Structures are given as structure tokens and as C-alpha cells.
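A.B. asks: Dumping the structure here so I can ask a few things about it.
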Amino acid sequence: MRILVTGAAGFLGSHLVERLLAEGHEVIGMDNFITGSEQNLAHLAGNPRFSFIRHDVANFIFVPKKVDAVMHFASPASPNPNSPYGYTNLPIQTMKAGALGTHNTLGVARAHNARFLLASTSEIYGDPLEHPQKETYWGHVDPIGVRSVYDEAKRFAEALTMAYHRYHGIDTRIVRIFNTYGPRMRLDDGRVVPNFIQQALRKEPLTVYGDGSQTRSFCYVSDLIEGIYRLLLSDEHDPVNIGNPNEISILEFAETINRLTGNPAGIEFKPDLRLGDDPQRRQPDITRAKTILKWSPQVSLEEGIAATIPYFRSQMEQV
Ligand code: NAD
Ligand code: UDP
């Protein structure tokens, strides 16, 4: 296939591009580098099956050659207001990437009669009242909260994707991605994995927001990409959760990072910065992915963190 990947210079986009090339596909990457980096794609320069277009997906997208699939990953993704790359500091761009960007990428899929895959998120469940979260859960989202620029843009993106599927017959897929980590996450985007690993390698205390009782379920990037690739090849049009159901409190996660890195500095509790919008619990129900895609995560938290630490160490040496 010839596949357009938006957000190609980001963390997940760059791993996805690599996987698609390894499977023998031709890939056109698209990005405007608002939170991504050229460095994430540098090793692909010279690959005859890879090309790149620098472009903001909020503007009309023209792809001259026929494409068989469009995978829309372009969007800021970190909620942290302390980082310039956090979506609360890029609110309009975030809404435009999710709304206009989804409209434009669906337009490309329609023009080329291509299949379409939307990168959605567990955030569409908001601060969930159902636990773990099944795809049938409608969510608990504040439409004007600080995270709403991301949550509502993704909810709109899902609705628009289903509208193109139902009304125009576009062959669409929606993946709801739960917290994923690994090499090529931005050192300074403020998400918990880069923050904690960086602090641990500097032998500083890890900054736990609130009391650390909030939970997340962390998936290693290679597992996520495997699930997404299977979804692309499937015929499933309804949303599918992809994530690791191994739920852990942020406090326990901080203790794990300190143990794995031998950091003696402990933990520093910080006020919750999220104005109450920080979801208290998050765990995917992956029954649908298991049944339809025959997929389940293979990489343990210890293995994934061990594979991620060298990347952050090398990035810190470059700063
Ligand atoms: P990232 O910030 O590393 O990557 C996003 C990429 O999109 C960046 O390269 C950025 O420059 C690009 N981009 C943003 N707006 C753009 C625009 N208007 N035009 C062109 N390019 C644009 O983040 P990520 O973690 O790789 O996330 C990728 C996708 O996966 C996002 O859609 C995000 O919502 C979704 N997601 C990620 C996670 C996760 O845990 N990593 C969880 C849920 C959903
Ligand atoms: N968090 C934290 N310390 C940090 C960064 C994040 O305690 O330095 C917490 C944050 O409050 C949230 C969780 O870790 O409860 C995950 O945050 P992240 O920014 O990675 O993404 P989220 O899952 O909230 O979208």
C-alpha cells in the first residue's frame, strides 16, 4: 500500500512509519513539527519508499500520487501545562488538528477511495465513571474543562469519522490509544514517563502530582504499533481500545522508576496542576482487541522501561 501518515515526526507516528516500511509499504509522512522533531525521521532519509511533506493538517491537503490508506496521528498529545508542548498551551492548534485535520484527512481518503485510520484516545472517556473502560462507554467529559480542547476535538474526530463511514461509505477505523511510552517521546513534553525517567537519571526526586493515587495503565510502543497495524488490516469500523490493562497508581509507578534506576532521591509531592481535570482512574478493557485482532500486549513494564531509559539518557547528553 501507499500510506499517508500525519504526525509522522512525532513519537507514535515515527514508530508507525518504521513499522509500515518494514512491512514493505510506501509511506508519505506529513508533519508541521509543532510537537514533533525532524530527528525522529532522520534515519529514514534516503529510503526510497519514504517521502515527507511539511504541512499543517488544518489546511487543505493535496497528495498528488494515489494513496491506499490514510492514518491520522497529527495532534499535540501531552496534557502538561508546564510544558510549551502541552495541549493546554496549544489549545487552538489542538482543536484544529482534531477537527479540521480530521476533516482534511478524511477528504484525502474519500478522494483516493482509501481506507482511513484515526488515532483517538482514552481521553474521550474523560474522568471515567465506568472501570475498566469498554468501547461501549460514552464517557464523562467536561466540555469546557482545561482538557476539553483535546478531549472534545477527539470526540468530534470520532463522530466525523463515523459520519464519513456511514454517509460516504469510507472504509474507516478508530483506535482509542491508552497511555503509551517508549523511545522518541519528547524529553520536555511534560508527560509522566519522560518526566520521571529524566528526574531519576538526574538523581532528583520524582514529582508526583496530587497524592499519586490516580492510576494509569502503561503500554510499550511496540505493543501499541502491533495492535494498530492489525486494526489497519482488519475490517473493524467500530472503535477499538489498544493499551495495556496493567493498571498502576502514579505513586507506585514513581517507586518502580526509582527502583529500576537506583534513584535514591525519592518522591516529591506537587499540587495537582490540572484544575481537577486529571482522570482519577484509567484502564482499558481490551476484550474487543483480543477477540477481533487476536492482540494482547507482550512487553512488561519493567522490560519497556529498561528499553526506554537508554533513549532518554542519550537525549539528556545532547541537551
Ligand atoms: P507527539 O506530540 O509526539 O506527535 C504528534 C505529532 O503530530 C507531532 O510530530 C506534531 O508535530 C504533529 N502535529 C500536531 N499538529 C499538527 C498539525 N496541525 N499538522 C501537522 N502535524 C501536526 O504525540 P504522540 O504521543 O506521538 O501522539 C500521536 C497521536 O496519538 C496523537 O493524535 C495523540 O492524540 C494520539 N495518542 C497518543 C497517546 C500516547 O500515549 N502517546 C495516547 C492517546 C492518543
Ligand atoms: N504526573 C505526575 N508527575 C509528572 C507528570 C505527570 O504525577 O511529573 C501524573 C499526572 O498528574 C497524571 C499521570 O501522571 O495523573 C499521567 O500524566 P501524563 O501527562 O503522562 O498523561 P495523562 O495520562 O494524564 O494524559
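Identifiers in this document derive from the order of the C-alpha cells: chains are assigned A, B, ..., residues are numbered from 1 separately in each chain, and ligands are numbered from 1 in order of occurrence.
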Any idea what's packed within 10 Å of Val192 of chain A, counting only C-alpha atoms, ignoring anything in its chain fewer than 2 positions away? Could you give it as number ranges by chain?

C.D. replies: A: 78-80, 179, 181, 189-190, 194-198, 206-209, 250, 253-254

A.B. asks: Sort by chain and increasing residue number a table of all residues of chain A within 6 Å of ligand 1, each with its closest pair of atoms and their distance in Å to one decimal, counting only C-alpha atoms and all ligand atoms, and write it as a Markdown table.

C.D. replies:
| residue | atom | partner | partner_atom_place_in_ligand_line | distance |
| --- | --- | --- | --- | --- |
| A:Gly7 | CA | ligand 1 | 7 (O) | 3.4 |
| A:Ala8 | CA | ligand 1 | 9 (O) | 5.8 |
| A:Ala9 | CA | ligand 1 | 9 (O) | 4.0 |
| A:Gly10 | CA | ligand 1 | 9 (O) | 3.2 |
| A:Phe11 | CA | ligand 1 | 26 (O) | 3.7 |
| A:Leu12 | CA | ligand 1 | 26 (O) | 3.7 |
| A:Gly13 | CA | ligand 1 | 26 (O) | 5.5 |
| A:Asp31 | CA | ligand 1 | 21 (N) | 3.6 |
| A:Asn32 | CA | ligand 1 | 20 (C) | 4.2 |
| A:Phe33 | CA | ligand 1 | 11 (O) | 3.4 |
| A:Ile34 | CA | ligand 1 | 11 (O) | 3.9 |
| A:Thr35 | CA | ligand 1 | 11 (O) | 4.0 |
| A:Gly36 | CA | ligand 1 | 9 (O) | 3.1 |
| A:His55 | CA | ligand 1 | 20 (C) | 5.6 |
| A:Asp56 | CA | ligand 1 | 19 (N) | 3.4 |
| A:Val57 | CA | ligand 1 | 19 (N) | 4.0 |
| A:Ala58 | CA | ligand 1 | 18 (N) | 5.2 |
| A:Phe73 | CA | ligand 1 | 32 (O) | 4.1 |
| A:Ala74 | CA | ligand 1 | 7 (O) | 3.4 |
| A:Ser75 | CA | ligand 1 | 14 (C) | 3.7 |
| A:Pro76 | CA | ligand 1 | 2 (O) | 4.6 |
| A:Ala77 | CA | ligand 1 | 33 (C) | 4.7 |
| A:Ala97 | CA | ligand 1 | 18 (N) | 4.5 |
| A:Ala119 | CA | ligand 1 | 32 (O) | 5.1 |
| A:Ser120 | CA | ligand 1 | 44 (C) | 5.5 |
| A:Thr121 | CA | ligand 1 | 43 (C) | 4.0 |
| A:Ile177 | CA | ligand 1 | 43 (C) | 4.2 |
| A:Phe178 | CA | ligand 1 | 42 (C) | 4.9 |
| A:Asn179 | CA | ligand 1 | 40 (O) | 3.6 |
| A:Thr180 | CA | ligand 1 | 40 (O) | 3.7 |
| A:Met185 | CA | ligand 1 | 3 (O) | 5.9 |

A.B. asks: Going by DSSP on the backbone, which bits of segment 63-106 of chain A are alpha helix (DSSP H)? Write them as a list in words, please.

C.D. replies: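 Put together, the selection reads Pro91, Ile92, Gln93, Thr94, Met95, Lys96, Ala97, Gly98, Leu100, Gly101, Thr102, His103, Asn104, Thr105 and Leu106 of chain A.
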
A.B. asks: Extract, using only C-alpha atoms, all DNA, RNA and protein residues at most 12 Å from Thr102 of chain A, discarding same-chain residues fewer than 6 positions from it, and format them as a VMD selection string.

C.D. replies: chain A and resid 6 to 7 56 to 61 70 to 75 94 to 96 108 to 109 116 to 120 153 to 164 172 174

A.B. asks: Considering only C-alpha atoms and all ligand atoms, state which residue in the set A:Ile124, A:Met30, A:Ala265, A:Leu231 is at the smallest distance from ligand 2.

C.D. replies: A:Ile124

A.B. asks: So that I can see what lies close to Ala289 of chain A, please list as a list in words the residues with an atom at most 10 Å from it, counting only C-alpha atoms and leaving out residues fewer than 2 positions away in the same chain.

C.D. replies: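 Residues near the query, excluding close chain neighbours: Val175, Gly227, Ile228, Arg230, Leu231, Pro239, Val240, Asn241, Ile242, Gly243, Asp285, Ile286, Thr287, Thr291, Ile292, Leu293, Lys294, Trp295 and Ser296 of chain A.
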
A.B. asks: Write out as number ranges by chain which residues come within 12 Å of Ile248 of chain A when counting only C-alpha atoms, dropping same-chain ones fewer than 6 positions away.

C.D. replies: A: 179, 212-219, 254-256, 280-283, 301

A.B. asks: Generate the output file for the selected residues, N, CA and C atoms, as a CSV table (one decimal), in the first residue's frame.

C.D. replies:
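This went into result11.csv:
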chain,number,residue,atom,x,y,z
A,179,ASN,N,-2.4,5.3,27.5
A,179,ASN,CA,-1.1,5.8,27.8
A,179,ASN,C,0.0,4.9,27.2
A,212,GLY,N,-0.9,11.0,44.2
A,212,GLY,CA,-0.4,9.8,43.4
A,212,GLY,C,-1.3,8.7,43.4
A,213,SER,N,-2.5,8.9,43.9
A,213,SER,CA,-3.4,7.7,43.9
A,213,SER,C,-4.1,7.5,42.6
A,214,GLN,N,-4.0,8.5,41.7
A,214,GLN,CA,-4.6,8.4,40.4
A,214,GLN,C,-3.9,7.3,39.6
A,215,THR,N,-4.6,6.5,38.8
A,215,THR,CA,-4.0,5.4,38.1
A,215,THR,C,-3.9,5.6,36.6
A,216,ARG,N,-2.9,4.9,36.0
A,216,ARG,CA,-2.8,4.8,34.6
A,216,ARG,C,-2.4,3.4,34.2
A,217,SER,N,-2.5,3.0,33.0
A,217,SER,CA,-2.1,1.7,32.5
A,217,SER,C,-1.2,1.9,31.3
A,218,PHE,N,0.1,1.5,31.5
A,218,PHE,CA,1.1,2.0,30.5
A,218,PHE,C,1.4,0.8,29.5
A,219,CYS,N,1.4,1.2,28.2
A,219,CYS,CA,1.6,0.2,27.1
A,219,CYS,C,3.0,0.6,26.5
A,254,ALA,N,6.0,5.8,40.2
A,254,ALA,CA,7.2,6.6,40.6
A,254,ALA,C,8.2,5.7,41.4
A,255,GLU,N,7.7,4.9,42.3
A,255,GLU,CA,8.5,4.0,43.1
A,255,GLU,C,9.2,2.9,42.2
A,256,THR,N,8.5,2.5,41.2
A,256,THR,CA,9.0,1.5,40.2
A,256,THR,C,10.2,2.1,39.5
A,280,GLN,N,-9.0,10.2,37.4
A,280,GLN,CA,-8.6,9.5,38.6
A,280,GLN,C,-8.2,8.1,38.3
A,281,ARG,N,-8.8,7.4,37.3
A,281,ARG,CA,-8.5,6.0,37.0
A,281,ARG,C,-8.6,5.8,35.5
A,282,ARG,N,-7.7,5.0,35.1
A,282,ARG,CA,-7.7,4.7,33.6
A,282,ARG,C,-7.2,3.3,33.4
A,283,GLN,N,-8.0,2.4,32.8
A,283,GLN,CA,-7.6,1.1,32.4
A,283,GLN,C,-8.4,0.6,31.3
A,301,LEU,N,6.1,-3.9,32.1
A,301,LEU,CA,6.5,-2.5,32.4
A,301,LEU,C,8.0,-2.5,32.6
